[in-house]
Amino acid sequence: MTPTNPSSNRPIGHVGDGHASSNRPIGHVGDGGVFPDRPIGRVSTSRDLLLTGVTWYEPDGTPRRGDLALREGLVTEVGTVEDTEGLERLDADGLTALPGFVDLHTHLRQPGREDAETVASGSRAAAAGGYTAVLAMANTTPVTDTAEAAEHIVELGLACGLVDVVPIGAVTKGLAGTELAELGLMHRSRARVRVFSDDGHCVSDGRVMRRALEYLRAVDGVISQHSQDPALAGPQACCHEGELSGRLGLPGWPPVAEASIIARDAMLAEHTGGRVHVAHVTTAEGLDVVRWAKARGIRMTAEVTPHHLALGTDLLTGYDPVYKVNPPLRPAEDREALAEGLLDGTIDAVATDHAPHARHDKEHAFVDAAFGMLGLETAFAVVHDLLVAPGRMSMSDLARVMSLNPARIAGLTGHGRPLRPGEPANLVLVDPAASVTVDRDASASLSRNSPWHGRSLTGAVHTTILRGETTAREGEPAPC
Amino acid sequence: MRHLLSSADLGRDDVRALLATAAEMHEVQRRDVKKLPTLRGRTVINLFFEDSTRTRSSFEIAGKWMSADTINITGKGSSTSKGESLRDTVMTIDAMSVDCVVIRHMASGAAHQVAQWVDASVVNAGDGTHEHPTQALLDAYTMEARLGDLEGRRVAIVGDLTHSRVFRSNAITLRTLGAEVTLVAPPTLMPSGIASWARADGLTLADDLDAVLADGPDAVMMLRVQRERMSGGFFPTPREYTVGYGLTRERLRALTSANPDAVICHPGPMNRGLEISADAADAASSLVLDQVSAGVAVRMAVLYHLLAGEEVTA
């Protein structure tokens with residue numbers, strides 16, 4: 001299973017054809033075994049770029065300003081560019097270049113619910129949001145619980161080509177929580193799956209979780225756990241348990257249902273030596289357990305979503321299902337604890353939990369409506385507006401939690417890299433001064449369930465570049 | 001008043017006006033010919049997604065006695081199972097240019113959501129475990145008929161508060177009218193966040209029903225214990241519930257001796273022998289049938305205020 005270098009003109013959309021059972025990685029290796037590290041296929045016509053007057057950050061956080069040359073999908077020069085021959089100039093004065101964002105938690109709905117989102121539409125939304133890689137959750141129909149299903153996701157991603165679509169494999173067959181899915185085969189497949197999750201469901205059976213962690217040690221896989229004890233927060237639980245859930249008569253989702261699973265998983269990770277990633281941590285209690293686990297040296301990482309940082313339980317007062325999400329929106333004390341946890345490094349990453357839903361799945365009574373909200377296009381602006389603009393977080397720390405750390409957690413070696421000569425040209429240009437009013441109808445997603453609609457946010461994604469190719473410009477994603 | 005979705009929509013003057021209109025309607029109810037022409041040409045849809053006998057029939061009678069065209073639509077189960085969204089269902093009805101939708105739904109907030117979508121006036125006839133504002137109005141009406149103005153009166157609400165929309169609306173309306181409200185329930189049937197809620201709304205919490213009764217409240221409202229709660233682990237056995245929180249014969253005696261004028265309410269249907277003994281249900285101080293009778297008058301008043309197109313004064 002030694003990866004081979006591809007010829008640079010190989011059409012990526014066709015690489016896998018007729019080789020579904022082979023071990024050969026799709027496209028090429030260099031990034032988790034799947035993605036090209038040179039522009040190939042449709043990218044072969046891409047123009048080499050000169051970004052002028054751009055600000056970027058050294059790995060130690062030192063800001064720099066100057067020009068960046070991108071050639072053949074790589075960063076070739078930084079600071080002063082001597083030879084500008086053949087470079088298309090992009091005036092980036094006032095813009096900041098960051099490594100392209102990596103989303104550890106995206107729902108793309110394909111296969112199964114192509115009316116809500118497809119890999120293509122989700123890729124466009126990701127590009128518009130500054131992402132160069134997204135990890136696609138396994139809860140599609142059918143579930144991504146086999147090598148073939150995972151390879152199919154990769155192929156759909158490559159066919160669009162706007163973002164590296166990395167499949168997450170299910171931990172258990174059909175997300176049923178009882179029998180292990182083909183973890184090893186998914187990992188050995190050309191999809192090179194390293195992150196596994198039953199997201200939407202908690203791997204609540206301790207024995208199953210233990211076995212999965214033990215088994216994955218062999219491939220250094222990580223389990224992204226949806227921490228929700230179903231006995232304490234059942235499928236109907238949809239409102240943070242507290243005074244508001246009491247008044248509204250909505251089934252409560254108590255913080256202990258999250259924290260107790262995180263605590264159990266931390267102990268299982270310690271016992272097995274496995275790796276647990278806590279998906280969407282939402283409570284101060286859960287965060288405290290993560291902090292404890294990290295201090296103890298347990299291999300645990302955690303993510304937080306923009307909506308759990310910025311939106312509060314009180315939004316449920318009007319019973320608008322656009323605010324229905326699992327885990328639910330939490331009160332101000334939890335949100336402040338999450339922000340602190342992100343700033344002090346207890347939380348490693350911001351992940352979107354982008355969850356598109358067809359309109360008719362949201363227009364039910366609150367308890368019957370689908371859980372989830374859009375997030376890919378707004379994540380940067382929300383985090384920037386909430387933490388960077390007020391001076392609580394530096395832009396380079398934003399890059400750490402939205403690119404470097406998620407790339408490291410997912411094992412994506414071509415993403416989250418410093419902007420240095422020889423590195424892949426996976427980057428995003430952001431405009432920290434722009435103020436944007438979110439318009440759900442302008443979304444590249446096929447769905448419209450954005451809780452940010454009508455809100456004005458400071459900070460906008462200007463241009464996204466994947467291996468030298470511009471995948472979004474001035475917020476507009478390229479066609480697939 | 002465009003909709004009646006929550007008891008919190010009604011200020012003190014609104015409640016007073018509605019209760020005064022209800023009293024006039026109650027007079028009409030005592031006539032041989034009960035029909036008023038008030039809502040002639042108006043259409044009221046009773047959209048009931050959940051089983052109900054007394055609420056649906058009292059809305060239906062209320063509409064008919066005021067000459068509205070009243071149509072009942074009942075649907076079992078949530079519309080999700082039919083592949084149609086709740087919005088689809090109500091928009092279909094709204095497209096028929098109805099004037100008022102009276103909705104009962106097993107999901108909390110359904111009436112609020114429907115009110116966002118339709119042009120018609122919406123009356124919440126019970127939404128999940130959230131609210132049941134016309135029940136609170138008829139309870140207030142019934143209690144005032146016996147006790148007079150509820151200002152300063154002491155009312156105990158006893159039982160499954162967590163799952164009770166009757167409690168939620170009553171707590172609001174009773175406070176609006178200036179009554180003192182004490183809540184009694186086992187800790188597992190107290191709603192989430194009740195401590196801060198009670199502080200904010202001026203409600204008193206108690207867990208010893210005997211102590212509350214010995215204090216001689218003016219009214220005791222017993223809530224129904226739903227069958228499904230009995231197996232839900234909220235309390236060990238029905239017998240234990242009755243011993244702790246039932247209005248037994250002994251407790252009825254204790255209440256009467258502490259306050260001979262105290263009245264007993266129950267929104268029905270009653271679990272005789274569980275939360276309320278037959279002695280208490282059938283006592284002279286029981287208002288259970290008065291509540292049903294007031295239900296029609298109060299719902300006439302609500303429809304009148306929503307649809308007759310003018311502010312009503314007493």
# chains A, B, ... in the order shown; residues from 1 in each chain; ligands from 1
>>> interface_residues(of="chain A", to="chain B", cutoff="12 Å", atoms="only C-alpha atoms", output="PyMOL selection string")
chain A and resi 236+238-254+316-322+358-370
>>> residues_around(residues="Pro418 of chain A", least_positions_apart="3", cutoff="8 Å", atoms="only C-alpha atoms", output="list in words")
Glu58, Pro59, Pro99 and Glu423 of chain A
>>> write_last_selection(atoms="N, CA and C atoms", output="short mmCIF file (atom, residue, chain, number, x, y, z; two decimals), in the first residue's frame")
data_model
loop_
_atom_site.label_atom_id
_atom_site.label_comp_id
_atom_site.auth_asym_id
_atom_site.auth_seq_id
_atom_site.Cartn_x
_atom_site.Cartn_y
_atom_site.Cartn_z
N GLU A 58 3.50 34.52 11.19
CA GLU A 58 4.50 33.47 11.40
C GLU A 58 3.91 32.46 12.40
N PRO A 59 4.45 31.26 12.43
CA PRO A 59 3.92 30.26 13.38
C PRO A 59 3.93 30.75 14.84
N PRO A 99 -4.01 30.00 6.90
CA PRO A 99 -4.14 28.67 6.30
C PRO A 99 -5.63 28.33 6.15
N GLU A 423 5.16 24.97 0.93
CA GLU A 423 3.93 24.44 1.54
C GLU A 423 2.79 24.48 0.51
#
>>> residues_around(residues="Asp439 of chain A", least_positions_apart="2", cutoff="12 Å", atoms="only C-alpha atoms", output="ChimeraX atom specification")
/A:377-378,436-437,441-445,448-457
>>> write_last_selection(atoms="N, CA and C atoms", output="PDB file, in the first residue's frame")
ATOM      1  N   GLU A 377     -20.655  28.737   6.007  1.00  0.00           N
ATOM      2  CA  GLU A 377     -20.386  30.043   5.404  1.00  0.00           C
ATOM      3  C   GLU A 377     -20.190  31.140   6.430  1.00  0.00           C
ATOM      4  N   THR A 378     -20.696  30.918   7.639  1.00  0.00           N
ATOM      5  CA  THR A 378     -20.695  31.988   8.638  1.00  0.00           C
ATOM      6  C   THR A 378     -19.691  31.781   9.766  1.00  0.00           C
ATOM      7  N   VAL A 436     -20.712  42.365   7.370  1.00  0.00           N
ATOM      8  CA  VAL A 436     -21.615  41.664   6.461  1.00  0.00           C
ATOM      9  C   VAL A 436     -22.913  41.322   7.175  1.00  0.00           C
ATOM     10  N   THR A 437     -24.020  41.550   6.499  1.00  0.00           N
ATOM     11  CA  THR A 437     -25.309  41.107   7.024  1.00  0.00           C
ATOM     12  C   THR A 437     -25.645  39.771   6.370  1.00  0.00           C
ATOM     13  N   ASP A 441     -30.737  33.599   1.907  1.00  0.00           N
ATOM     14  CA  ASP A 441     -31.091  33.323   0.521  1.00  0.00           C
ATOM     15  C   ASP A 441     -29.898  33.420  -0.419  1.00  0.00           C
ATOM     16  N   ALA A 442     -28.807  34.005   0.070  1.00  0.00           N
ATOM     17  CA  ALA A 442     -27.590  34.077  -0.738  1.00  0.00           C
ATOM     18  C   ALA A 442     -26.686  32.878  -0.492  1.00  0.00           C
ATOM     19  N   SER A 443     -27.137  31.936   0.329  1.00  0.00           N
ATOM     20  CA  SER A 443     -26.287  30.801   0.697  1.00  0.00           C
ATOM     21  C   SER A 443     -26.054  29.865  -0.482  1.00  0.00           C
ATOM     22  N   ALA A 444     -24.865  29.301  -0.510  1.00  0.00           N
ATOM     23  CA  ALA A 444     -24.553  28.282  -1.521  1.00  0.00           C
ATOM     24  C   ALA A 444     -25.130  26.926  -1.127  1.00  0.00           C
ATOM     25  N   SER A 445     -25.514  26.791   0.115  1.00  0.00           N
ATOM     26  CA  SER A 445     -26.151  25.551   0.556  1.00  0.00           C
ATOM     27  C   SER A 445     -27.509  25.410  -0.122  1.00  0.00           C
ATOM     28  N   ARG A 448     -31.801  26.411   3.933  1.00  0.00           N
ATOM     29  CA  ARG A 448     -31.914  27.800   4.348  1.00  0.00           C
ATOM     30  C   ARG A 448     -32.002  27.954   5.868  1.00  0.00           C
ATOM     31  N   ASN A 449     -31.646  26.901   6.589  1.00  0.00           N
ATOM     32  CA  ASN A 449     -31.830  26.944   8.042  1.00  0.00           C
ATOM     33  C   ASN A 449     -30.642  27.601   8.741  1.00  0.00           C
ATOM     34  N   SER A 450     -30.465  28.884   8.417  1.00  0.00           N
ATOM     35  CA  SER A 450     -29.383  29.644   9.043  1.00  0.00           C
ATOM     36  C   SER A 450     -29.916  30.471  10.197  1.00  0.00           C
ATOM     37  N   PRO A 451     -29.366  30.270  11.392  1.00  0.00           N
ATOM     38  CA  PRO A 451     -29.805  31.069  12.541  1.00  0.00           C
ATOM     39  C   PRO A 451     -29.195  32.464  12.512  1.00  0.00           C
ATOM     40  N   TRP A 452     -28.299  32.707  11.575  1.00  0.00           N
ATOM     41  CA  TRP A 452     -27.589  33.990  11.523  1.00  0.00           C
ATOM     42  C   TRP A 452     -28.271  34.961  10.577  1.00  0.00           C
ATOM     43  N   HIS A 453     -29.315  34.512   9.897  1.00  0.00           N
ATOM     44  CA  HIS A 453     -29.993  35.356   8.913  1.00  0.00           C
ATOM     45  C   HIS A 453     -30.354  36.717   9.522  1.00  0.00           C
ATOM     46  N   GLY A 454     -29.938  37.764   8.821  1.00  0.00           N
ATOM     47  CA  GLY A 454     -30.275  39.114   9.268  1.00  0.00           C
ATOM     48  C   GLY A 454     -29.299  39.702  10.269  1.00  0.00           C
ATOM     49  N   ARG A 455     -28.357  38.904  10.747  1.00  0.00           N
ATOM     50  CA  ARG A 455     -27.393  39.436  11.706  1.00  0.00           C
ATOM     51  C   ARG A 455     -26.220  40.068  10.976  1.00  0.00           C
ATOM     52  N   SER A 456     -25.725  41.160  11.533  1.00  0.00           N
ATOM     53  CA  SER A 456     -24.539  41.802  10.977  1.00  0.00           C
ATOM     54  C   SER A 456     -23.318  41.340  11.758  1.00  0.00           C
ATOM     55  N   LEU A 457     -22.303  40.912  11.027  1.00  0.00           N
ATOM     56  CA  LEU A 457     -21.089  40.393  11.645  1.00  0.00           C
ATOM     57  C   LEU A 457     -19.877  41.115  11.070  1.00  0.00           C
TER      58      LEU A 457
END
>>> closest_residue(among="A:Asp83, A:Asp164, A:Asp353, A:Asp67", to="Gly375 of chain A", atoms="only C-alpha atoms")
A:Asp353
>>> closest_residue(among="A:Thr144, A:Ser224, A:Thr106, A:Thr282", to="Leu185 of chain A", atoms="only C-alpha atoms")
A:Thr144
>>> atom_distance(atom1="atom CA of His3 of chain B", atom2="atom CA of Pro133 of chain B")
11.2 Å
